[in-house]
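Okay, run12.pdb now, which holds PDB, C-alpha atoms:
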```pdb
ATOM      1  CA  MET A   1     -29.606  14.817  20.881  1.00  0.00           C
ATOM      2  CA  SER A   2     -25.945  14.261  21.631  1.00  0.00           C
ATOM      3  CA  PHE A   3     -24.372  11.326  23.387  1.00  0.00           C
ATOM      4  CA  PRO A   4     -23.847  11.640  27.133  1.00  0.00           C
ATOM      5  CA  LYS A   5     -20.260  12.236  28.206  1.00  0.00           C
ATOM      6  CA  ILE A   6     -18.331   9.543  30.036  1.00  0.00           C
ATOM      7  CA  GLU A   7     -17.135  12.148  32.528  1.00  0.00           C
ATOM      8  CA  GLU A   8     -20.695  12.313  33.840  1.00  0.00           C
ATOM      9  CA  ALA A   9     -20.557   8.573  34.560  1.00  0.00           C
ATOM     10  CA  ARG A  10     -17.181   8.888  36.267  1.00  0.00           C
ATOM     11  CA  GLN A  11     -18.610  11.447  38.707  1.00  0.00           C
ATOM     12  CA  LEU A  12     -21.205   8.974  40.017  1.00  0.00           C
ATOM     13  CA  ASN A  13     -20.544   6.983  43.177  1.00  0.00           C
ATOM     14  CA  ASP A  14     -20.684   3.181  43.085  1.00  0.00           C
ATOM     15  CA  GLU A  15     -24.310   2.946  44.211  1.00  0.00           C
ATOM     16  CA  GLU A  16     -25.512   5.536  41.685  1.00  0.00           C
ATOM     17  CA  LEU A  17     -23.489   3.813  38.981  1.00  0.00           C
ATOM     18  CA  SER A  18     -25.112   0.441  39.573  1.00  0.00           C
ATOM     19  CA  GLN A  19     -28.534   2.113  39.704  1.00  0.00           C
ATOM     20  CA  GLN A  20     -27.907   3.840  36.355  1.00  0.00           C
ATOM     21  CA  ILE A  21     -26.813   0.518  34.811  1.00  0.00           C
ATOM     22  CA  LEU A  22     -30.011  -1.123  35.990  1.00  0.00           C
ATOM     23  CA  GLU A  23     -32.121   1.743  34.615  1.00  0.00           C
ATOM     24  CA  ALA A  24     -30.373   1.579  31.235  1.00  0.00           C
ATOM     25  CA  LYS A  25     -31.021  -2.172  31.014  1.00  0.00           C
ATOM     26  CA  LYS A  26     -34.691  -1.637  31.849  1.00  0.00           C
ATOM     27  CA  GLN A  27     -34.944   1.098  29.239  1.00  0.00           C
ATOM     28  CA  LEU A  28     -33.431  -1.190  26.586  1.00  0.00           C
ATOM     29  CA  ALA A  29     -35.948  -3.909  27.448  1.00  0.00           C
ATOM     30  CA  ASN A  30     -38.766  -1.382  27.151  1.00  0.00           C
ATOM     31  CA  LEU A  31     -37.437  -0.151  23.797  1.00  0.00           C
ATOM     32  CA  ARG A  32     -37.309  -3.740  22.519  1.00  0.00           C
ATOM     33  CA  LEU A  33     -40.926  -4.220  23.566  1.00  0.00           C
ATOM     34  CA  LEU A  34     -41.986  -1.037  21.806  1.00  0.00           C
ATOM     35  CA  LYS A  35     -40.124  -2.094  18.662  1.00  0.00           C
ATOM     36  CA  ALA A  36     -41.743  -5.521  18.675  1.00  0.00           C
ATOM     37  CA  THR A  37     -45.218  -4.020  18.971  1.00  0.00           C
ATOM     38  CA  GLY A  38     -44.520  -1.435  16.287  1.00  0.00           C
ATOM     39  CA  ARG A  39     -44.943   1.555  18.580  1.00  0.00           C
ATOM     40  CA  LEU A  40     -41.325   2.744  18.631  1.00  0.00           C
ATOM     41  CA  GLU A  41     -41.058   6.185  17.047  1.00  0.00           C
ATOM     42  CA  LYS A  42     -37.559   7.303  18.019  1.00  0.00           C
ATOM     43  CA  THR A  43     -35.308   4.497  16.813  1.00  0.00           C
ATOM     44  CA  HIS A  44     -32.159   6.458  17.680  1.00  0.00           C
ATOM     45  CA  GLU A  45     -32.902   5.870  21.378  1.00  0.00           C
ATOM     46  CA  PHE A  46     -31.568   2.308  20.975  1.00  0.00           C
ATOM     47  CA  LYS A  47     -28.179   3.614  19.958  1.00  0.00           C
ATOM     48  CA  HIS A  48     -28.076   6.240  22.700  1.00  0.00           C
ATOM     49  CA  THR A  49     -29.140   3.820  25.422  1.00  0.00           C
ATOM     50  CA  ARG A  50     -26.653   1.138  24.344  1.00  0.00           C
ATOM     51  CA  HIS A  51     -23.927   3.781  24.234  1.00  0.00           C
ATOM     52  CA  ARG A  52     -24.789   4.997  27.737  1.00  0.00           C
ATOM     53  CA  LEU A  53     -24.874   1.432  29.077  1.00  0.00           C
ATOM     54  CA  ALA A  54     -21.447   0.760  27.571  1.00  0.00           C
ATOM     55  CA  GLN A  55     -20.076   3.905  29.208  1.00  0.00           C
ATOM     56  CA  LEU A  56     -21.473   2.947  32.601  1.00  0.00           C
ATOM     57  CA  LYS A  57     -20.149  -0.600  32.391  1.00  0.00           C
ATOM     58  CA  THR A  58     -16.742   0.707  31.305  1.00  0.00           C
ATOM     59  CA  VAL A  59     -16.532   2.958  34.356  1.00  0.00           C
ATOM     60  CA  GLU A  60     -17.660   0.068  36.573  1.00  0.00           C
ATOM     61  CA  ARG A  61     -14.939  -2.176  35.141  1.00  0.00           C
ATOM     62  CA  GLU A  62     -12.295   0.558  35.500  1.00  0.00           C
ATOM     63  CA  ARG A  63     -13.159   0.797  39.191  1.00  0.00           C
ATOM     64  CA  GLN A  64     -13.003  -2.988  39.634  1.00  0.00           C
ATOM     65  CA  ILE A  65      -9.549  -3.102  38.061  1.00  0.00           C
ATOM     66  CA  SER A  66      -8.247  -0.195  40.137  1.00  0.00           C
ATOM     67  CA  ASN A  67      -9.578  -1.841  43.318  1.00  0.00           C
ATOM     68  CA  GLN A  68      -7.879  -5.123  42.406  1.00  0.00           C
ATOM     69  CA  LEU A  69      -4.607  -3.345  41.738  1.00  0.00           C
ATOM     70  CA  SER A  70      -4.738  -1.439  45.018  1.00  0.00           C
ATOM     71  CA  VAL A  71      -5.474  -4.629  46.950  1.00  0.00           C
ATOM     72  CA  SER A  72      -2.674  -6.560  45.274  1.00  0.00           C
ATOM     73  CA  SER A  73      -0.161  -3.735  45.778  1.00  0.00           C
ATOM     74  CA  ASN A  74      -0.953  -3.617  49.509  1.00  0.00           C
ATOM     75  CA  GLN A  75      -0.090  -7.293  49.988  1.00  0.00           C
TER      76      GLN A  75
END
```
What would you get if you wrote out this structure as structure tokens?
Amino acid sequence: MSFPKIEEARQLNDEELSQQILEAKKQLANLRLLKATGRLEKTHEFKHTRHRLAQLKTVERERQISNQLSVSSNQ
């Protein structure tokens, strides 16, 4: 299984992006629960989910910065 591409995250609109972030956080919590109970079989899913969450949060931050710059340049 390969890592998801950041270009896929950049194609999402703001609402979808925040929804994906929330889903990734929920999935990480579920993976932690499975690990604690000893039922986690695919340990690589931690790495993939954390990577995806980082990508999504990076895109979110890029958009925040670009919005701040556009607002400040209009003043």
Next item on the list: Mind checking which residues fall within 8 Å of range 50-61 of chain A, counting only C-alpha atoms, ignoring those fewer than 3 positions away in the same chain, and posting them as a PyMOL selection string?
Entry: chain A and resi 3-4+6+9-10+14+17+20-21+24-25+28+46-47+64-65
Next, write the just-selected residues to a file, as a PDB file, in the frame of the given file, keeping C-alpha atoms as the atom set.
```pdb
ATOM      1  CA  PHE A   3     -24.372  11.326  23.387  1.00  0.00           C
ATOM      2  CA  PRO A   4     -23.847  11.640  27.133  1.00  0.00           C
ATOM      3  CA  ILE A   6     -18.331   9.543  30.036  1.00  0.00           C
ATOM      4  CA  ALA A   9     -20.557   8.573  34.560  1.00  0.00           C
ATOM      5  CA  ARG A  10     -17.181   8.888  36.267  1.00  0.00           C
ATOM      6  CA  ASP A  14     -20.684   3.181  43.085  1.00  0.00           C
ATOM      7  CA  LEU A  17     -23.489   3.813  38.981  1.00  0.00           C
ATOM      8  CA  GLN A  20     -27.907   3.840  36.355  1.00  0.00           C
ATOM      9  CA  ILE A  21     -26.813   0.518  34.811  1.00  0.00           C
ATOM     10  CA  ALA A  24     -30.373   1.579  31.235  1.00  0.00           C
ATOM     11  CA  LYS A  25     -31.021  -2.172  31.014  1.00  0.00           C
ATOM     12  CA  LEU A  28     -33.431  -1.190  26.586  1.00  0.00           C
ATOM     13  CA  PHE A  46     -31.568   2.308  20.975  1.00  0.00           C
ATOM     14  CA  LYS A  47     -28.179   3.614  19.958  1.00  0.00           C
ATOM     15  CA  GLN A  64     -13.003  -2.988  39.634  1.00  0.00           C
ATOM     16  CA  ILE A  65      -9.549  -3.102  38.061  1.00  0.00           C
TER      17      ILE A  65
END
```
Put the listed atoms of range 23-26 of chain A in a box along x, y and z with 6 Å added on every side and give me the centre and edge lengths in Å to one decimal, as JSON.
```
{"center_x": -32.5, "center_y": -0.2, "center_z": 32.8, "size_x": 16.3, "size_y": 15.9, "size_z": 15.6}
```
Next item on the list: Please tell me which residues are no farther than 6 Å from (-37.1, 0.6, 20.8) in the file, counting all atoms listed in the file, and write them as a list in words.
Entry: Leu31, Arg32, Leu34, Lys35, Leu40, Thr43 and Phe46 of chain A
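The coordinates place CA of Thr49 in chain A at 11.6 Å from CA of Ser2 in chain A.
We find CA of Arg63 in chain A and CA of Gln27 in chain A to be spaced 24.0 Å apart.
If you look at CA of Glu16 in chain A and CA of Gln75 in chain A, they are 29.7 Å away from each other.
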